[in-house]
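So the structure is just underneath, and the comments pick up after that.
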Number of protein chains: 4
Amino acid sequence: MEKKERLRAIVEGSVFTGIIQFLILASAVVFVIESDRQQLEVDPYATHFIVLDVVFLVLFSIEYVLRVYIEPKKRDFVFSFYGLIDLVAILPSLFLVPGFRVLRILRFLRIFRIFKATRFILAVDRLGAALREIQQELLALVILSLMFVYLAACGIHFFERNAQPEAFGSILDSMWWSVVTLTTIGYGDVYPTTSGGRLFTALVALVGVGLIAIPSGLLASALTEARVEREKSEEGEKEDEEQED
Amino acid sequence: MEKKERLRAIVEGSVFTGIIQFLILASAVVFVIESDRQQLEVDPYATHFIVLDVVFLVLFSIEYVLRVYIEPKKRDFVFSFYGLIDLVAILPSLFLVPGFRVLRILRFLRIFRIFKATRFILAVDRLGAALREIQQELLALVILSLMFVYLAACGIHFFERNAQPEAFGSILDSMWWSVVTLTTIGYGDVYPTTSGGRLFTALVALVGVGLIAIPSGLLASALTEARVEREKSEEGEKEDEEQED
Amino acid sequence: MEKKERLRAIVEGSVFTGIIQFLILASAVVFVIESDRQQLEVDPYATHFIVLDVVFLVLFSIEYVLRVYIEPKKRDFVFSFYGLIDLVAILPSLFLVPGFRVLRILRFLRIFRIFKATRFILAVDRLGAALREIQQELLALVILSLMFVYLAACGIHFFERNAQPEAFGSILDSMWWSVVTLTTIGYGDVYPTTSGGRLFTALVALVGVGLIAIPSGLLASALTEARVEREKSEEGEKEDEEQED
Amino acid sequence: MEKKERLRAIVEGSVFTGIIQFLILASAVVFVIESDRQQLEVDPYATHFIVLDVVFLVLFSIEYVLRVYIEPKKRDFVFSFYGLIDLVAILPSLFLVPGFRVLRILRFLRIFRIFKATRFILAVDRLGAALREIQQELLALVILSLMFVYLAACGIHFFERNAQPEAFGSILDSMWWSVVTLTTIGYGDVYPTTSGGRLFTALVALVGVGLIAIPSGLLASALTEARVEREKSEEGEKEDEEQED
């Protein structure tokens with residue numbers, strides 16, 4: 001039992017964590033290089049990459065088994081957010097089927113573990129709490145945005161379908177314009193050319209700018225409230241201490 | 001009377017609401033598919049679509065009659081926000097005139113009913129209250145933005161009319177550039193090429209970035225105040241309870 | 001003296017104000033139409049426009065004289081913000097010199113009077129107070145942004161001058177890219193193509209997104225403070241009243 | 001010793017500071033003009049520029065020596081933020097090696113001294129304190145953004161590599177698209193054309209808009225808290241004064 005405790009101290013220590021983070025980054029870099037090779041259509045390193053892949057797979061599998069072993073509540077860990085990510089990260093490679101190999105990208109999700117590091121834990125907690133506080137509003141906002149994407153697509157389709165049938169001929173195609181305009185990305189591959197379409201775009205852009213302003217306002221208020229409360233509770237503790245004196 | 005109450009419970013229940021929401025979404029999907037067919041200039045399904053349209057019309061009409069029937073204050077419902085949307089959604093189809101058929105898009109507005117769902121009602125209320133709190137500011141901001149669109153168009157027209165007469169030859173045409181630049185969309189179909197025009201654009205972009213920052217700041221302050229007040233009233237209630245004890 | 005008071009009531013009344021606002025808008029519309037005519041290079045309406053111009057000039061001049069006449073503190077009005085705008089709006093037309101005619105655009109600035117309307121006065125006051133509260137920060141931010149525009153231009157010039165000498169050959173030209181990128185407009189007329197330039201752009205874009213976030217954060221905090229104080233003073237008044245009872 | 005004090009008063013006085021700020025701006029302007037000359041490939045002013053360069057070098061070196069001389073704690077100054085900038089600004093020119101001449105750009109960093117001016121010092125302090133308050137959150141956000149850039153690049157590479165191998169053939173190339181899309185710049189040089197790629201872009205854009213909203217929300221809450229605290233301490237001081245009375 002004590003051995004388990006010692007193993008646990010090692011696995012959760014900064015050296016082990018650092019090595020794992022390095023391996024995750026390394027596997028991401030390898031993934032990038034491999035995709036570059038495929039582009040060049042010269043693939044003399046293919047064997048090397050498969051070897052590397054197997055190495056990563058073995059290492060991450062060992063780590064996963066270790067993590068499950070040291071955990072007192074094994075079930076809770078396996079079905080926790082980070083536990084599932086760890087499992088998903090090794091599962092696809094286990095099959096080594098060519099079509100599934102692309103799923104190695106999921107391995108990179110493990111990098112999120114970095115936010116369990118001591119220096120970020122408070123900041124991430126605070127942000128996470130604020131986001132949870134406004135999750136209903138954000139969900140409603142996402143639904144509202146999807147509606148606006150649809151309505152804007154219908155509108156621009158009506159104005160531009162005759163002038164530019166290849167870009168605005170169907171509502172589905174027009175939705176691409178909706179997304180690019182409402183998010184103010186504006187690639188410039190599709191844009192209205194008729195007067196009516198341009199006037200409508202001005203309206204849509206106004207709504208888009210308004211929609212984008214909402215999440216930052218929501219977050220600001222939730223974070224401010226959290227700050228004020230934290231302070232109050234700190235003051236309350238101080239006063240309690242003073243009364244005890 | 002009791003029968004009416006039971007009917008009311010059904011119509012406002014989650015099953016009926018779910019079915020209606022599904023029908024609204026379905027009619028939106030049908031609308032999209034139909035517009036795709038028109039693009040392909042093959043329209044073998046035309047009859048199917050008209051049949052579907054009549055089905056949707058009949059179903060939504062029945063629902064509307066039901067809603068009016070179960071409502072104790074019929075007049076209030078008919079002229080309420082959701083009541084008017086419901087009416088507008090079935091009226092155009094009643095005529096079935098080809099030119100009016102495009103108005104079926106209005107039917108989709110009924111999807112806004114989703115925000116009357118229990119899980120969103122608080123979030124939407126809070127957001128709505130904050131937006132009402134700052135409505136004068138937002139209206140002033142919209143007017144200010146329209147002024148800037150006009151002034152920016154006059155300015156760029158002055159700088160670029162000689163270099164690019166097809167894009168900036170008239171103030172009306174230049175307004176298109178104003179909108180695309182002030183909202184930071186930047187499609188890239190029109191942009192200044194002279195030094196004066198570029199310098200002016202830098203100024204306009206600065207104003208644009210500033211204008212976009214205002215709504216999110218306004219919303220943040222209104223939401224924060226609402227939060228602080230809600231908390232106060234909760235504390236007040238607590239204190240009252242304590243005093244009563 | 002009483003006649004002056006009655007005149008004052010008329011001039012500051014809603015009917016007179018409405019007519020003036022309409023005239024300002026009308027003169028803006030005429031300005032737009034005139035610029036359109038010039039584009040078409042047919043100018044059969046030229047005489048009409050000059051007549052209209054003289055009419056606007058006469059009407060605005062009469063209004064200006066009236067405003068000065070009814071004002072008890074004439075000097076204060078003439079040198080006030082709105083007084084100067086009113087003067088500037090009629091001065092250029094007085095000369096009727098072709099080159100100066102473009103200055104009629106200044107007439108449109110008078111539309112800002114709309115923000116003296118009762119329904120906006122509170123909202124505009126609140127926004128103005130908040131902006132004054134953060135004016136030092138905003139000024140510092142503008143200077144900081146100008147520095148970043150310069151530094152980003154130097155950087156991209158270094159990376160891209162060989163690959164795209166026509167767009168990034170000089171720092172002055174590169175500044176155009178800086179402005180378009182830092183404000184996230186992204187027209188797409190100039191963009192980096194080298195790896196170094198793209199990496200540098202990623203950095204600049206990160207800074208740009210950060211800079212844009214600052215004004216809305218500043219405004220939110222200033223508006224929140226103003227709200228909290230307003231509420232406190234309202235509560236204070238209530239308490240005073242209660243104590244008096 | 002008194003002479004040193006008098007010298008110190010001069011060096012830190014507004015006249016001397018103004019001259020130095022002017023020289024820094026002048027050296028930036030010279031740098032811009034020189035880069036323009038190089039573009040024209042006529043360089044008849046080359047000697048003039050080298051002379052000017054030497055003049056700037058001598059003046060800034062004298063200033064640096066003066067600043068070190070008047071400082072009581074010389075070591076602290078040399079290794080302070082502004083001290084290091086001052087040193088870095090003259091070092092590259094000292095070598096006068098052609099390759100190093102580009103480093104004269106660093107000289108411009110000295111313009112940041114402007115934020116030590118009295119009128120900005122409070123505003124910059126407040127902003128700086130708020131940014132320090134949220135630095136952990138901002139750092140986490142930068143890391144999160146880099147992850148999203150990588151993940152978005154992998155995704156779009158998967159969807160578009162066959163349709164547009166030159167732009168999305170490798171993950172490294174796809175990252176350029178990630179940056180341009182997540183920051184909503186949208187140059188328009190690369191954009192998805194397949195349905196899958198466009199749907200994925202909609203998702204990425206949603207995340208991008210959300211990420212951009214976070215820093216302004218964070219800043220707003222930190223600034224609001226700082227304001228509330230400042231006010232409290234001011235009130236506290238007032239109350240203390242009243243109690244003393």
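Convention: chains lettered A, B, ... in structure tokens order; per-chain residue numbering from 1; ligands numbered from 1 as shown.
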Checklist entry - So which residues touch Gly186 in chain D within 10 Å, counting only C-alpha atoms, skipping near sequence neighbours fewer than 6 positions away, as a PyMOL selection string? => result (chain A and resi 180+184-188) or (chain B and resi 184-188) or (chain C and resi 181+184-188) or (chain D and resi 177-180)
Output of the above residues as a compact mmCIF listing (two decimals), in the first residue's frame, restricted to N, CA, C and O atoms:
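Result written to out_3.txt:
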```txt
# COMPACT_ATOMS: atom_id res chain seq x y z
N VAL A 180 -19.69 33.94 -42.26
CA VAL A 180 -18.50 34.77 -42.49
C VAL A 180 -18.80 36.24 -42.18
O VAL A 180 -17.92 36.99 -41.74
N THR A 184 -17.91 38.72 -38.51
CA THR A 184 -17.05 39.80 -39.03
C THR A 184 -15.71 39.28 -39.56
O THR A 184 -14.74 40.03 -39.59
N ILE A 185 -15.65 38.00 -39.97
CA ILE A 185 -14.41 37.51 -40.59
C ILE A 185 -14.25 38.16 -41.97
O ILE A 185 -13.23 38.79 -42.25
N GLY A 186 -15.27 38.01 -42.82
CA GLY A 186 -15.25 38.67 -44.12
C GLY A 186 -14.11 38.24 -45.02
O GLY A 186 -13.28 39.06 -45.40
N TYR A 187 -14.06 36.95 -45.40
CA TYR A 187 -12.99 36.49 -46.28
C TYR A 187 -12.98 37.28 -47.59
O TYR A 187 -11.93 37.64 -48.10
N GLY A 188 -14.19 37.52 -48.12
CA GLY A 188 -14.26 38.23 -49.39
C GLY A 188 -14.49 37.30 -50.57
O GLY A 188 -14.43 37.74 -51.71
N THR B 184 -15.60 46.21 -39.23
CA THR B 184 -14.37 45.41 -39.35
C THR B 184 -14.60 44.08 -40.09
O THR B 184 -13.83 43.14 -39.88
N ILE B 185 -15.62 44.02 -40.94
CA ILE B 185 -15.79 42.81 -41.76
C ILE B 185 -14.67 42.77 -42.80
O ILE B 185 -13.94 41.79 -42.89
N GLY B 186 -14.56 43.83 -43.62
CA GLY B 186 -13.46 43.90 -44.58
C GLY B 186 -13.48 42.81 -45.63
O GLY B 186 -12.53 42.03 -45.73
N TYR B 187 -14.54 42.74 -46.44
CA TYR B 187 -14.59 41.72 -47.49
C TYR B 187 -13.37 41.83 -48.40
O TYR B 187 -12.80 40.84 -48.82
N GLY B 188 -13.00 43.06 -48.76
CA GLY B 188 -11.88 43.25 -49.67
C GLY B 188 -12.32 43.52 -51.10
O GLY B 188 -11.49 43.56 -52.00
N THR C 181 -4.57 45.04 -40.27
CA THR C 181 -4.45 43.82 -39.49
C THR C 181 -4.77 44.04 -38.01
O THR C 181 -5.50 43.26 -37.40
N THR C 184 -8.25 44.13 -37.24
CA THR C 184 -8.90 42.88 -37.71
C THR C 184 -9.86 43.11 -38.88
O THR C 184 -10.78 42.33 -39.07
N ILE C 185 -9.67 44.21 -39.64
CA ILE C 185 -10.49 44.40 -40.84
C ILE C 185 -10.09 43.35 -41.88
O ILE C 185 -10.92 42.60 -42.37
N GLY C 186 -8.80 43.31 -42.24
CA GLY C 186 -8.32 42.28 -43.16
C GLY C 186 -8.94 42.33 -44.53
O GLY C 186 -9.58 41.36 -44.95
N TYR C 187 -8.77 43.45 -45.26
CA TYR C 187 -9.34 43.54 -46.60
C TYR C 187 -8.85 42.39 -47.48
O TYR C 187 -9.60 41.82 -48.27
N GLY C 188 -7.58 42.07 -47.36
CA GLY C 188 -7.02 41.02 -48.20
C GLY C 188 -6.26 41.56 -49.39
O GLY C 188 -5.85 40.79 -50.26
N TRP D 177 -4.26 29.71 -41.86
CA TRP D 177 -5.71 29.90 -41.93
C TRP D 177 -6.31 30.00 -40.53
O TRP D 177 -7.17 30.85 -40.28
N SER D 178 -5.83 29.15 -39.62
CA SER D 178 -6.33 29.17 -38.24
C SER D 178 -6.19 30.55 -37.62
O SER D 178 -7.14 31.09 -37.05
N VAL D 179 -5.00 31.12 -37.73
CA VAL D 179 -4.73 32.42 -37.12
C VAL D 179 -5.64 33.48 -37.73
O VAL D 179 -6.29 34.26 -37.01
N VAL D 180 -5.71 33.50 -39.05
CA VAL D 180 -6.48 34.54 -39.75
C VAL D 180 -7.98 34.41 -39.45
O VAL D 180 -8.70 35.41 -39.42
```
Item to check | Residues of chain A within 9 Å of chain B, only C-alpha atoms counted, as a ChimeraX atom specification | outcome: /A:134-140,144,147,150-151,154,157-158,161,165-166,169-173,180-191,195,198-199,201-202,205-206,208-210,212-222,224-225
Next on the checklist: Which residues are near range 67-83 of chain B? Cut-off 10 Å, only C-alpha atoms, ignore same chain within fewer than 6 positions. Put them as a ChimeraX atom specification.
Outcome noted: /B:1,3-9,11-12,61,89,109-110,112-113,116
Filtering to C-alpha atoms, could you give me those residues as a CSV table (one decimal), in the first residue's frame?
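The resulting file, again.csv, is reproduced below:
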```
chain,number,residue,atom,x,y,z
B,1,MET,CA,-64.6,24.7,-18.4
B,3,LYS,CA,-62.2,20.4,-20.5
B,4,LYS,CA,-60.6,23.7,-21.5
B,5,GLU,CA,-58.2,23.5,-18.6
B,6,ARG,CA,-57.2,20.0,-19.6
B,7,LEU,CA,-56.7,21.1,-23.2
B,8,ARG,CA,-54.6,24.0,-21.9
B,9,ALA,CA,-52.4,21.7,-19.9
B,11,VAL,CA,-51.1,22.6,-25.3
B,12,GLU,CA,-48.7,24.2,-22.8
B,61,SER,CA,-53.6,27.0,-38.1
B,89,ALA,CA,-46.7,32.8,-39.6
B,109,LEU,CA,-39.9,33.4,-36.4
B,110,ARG,CA,-42.1,31.1,-34.3
B,112,PHE,CA,-38.4,32.1,-30.9
B,113,ARG,CA,-41.0,30.3,-28.8
B,116,LYS,CA,-40.1,30.5,-23.4
```
Item to check | helix (DSSP H, G or I) residues, from DSSP on the backbone, in range 32-245 of chain B, as a ChimeraX atom specification | outcome: /B:32-40,46-70,74-78,81-95,98-116,118-133,135-160,165-168,171-182,195-244
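You will find CA of Gln21 in chain B at 12.2 Å from CA of Phe56 in chain B.
Shortest atom-to-atom contact with Phe159 in chain A among A:Tyr64, A:Phe200, A:Phe22, A:Phe16: A:Phe200, counting only C-alpha atoms.
Our summary of the geometry notes that CA of Phe168 in chain D is positioned 20.2 Å from CA of Val207 in chain D.
Straight-line separation from CA of Ile19 in chain D to CA of Phe148 in chain C: 22.2 Å.
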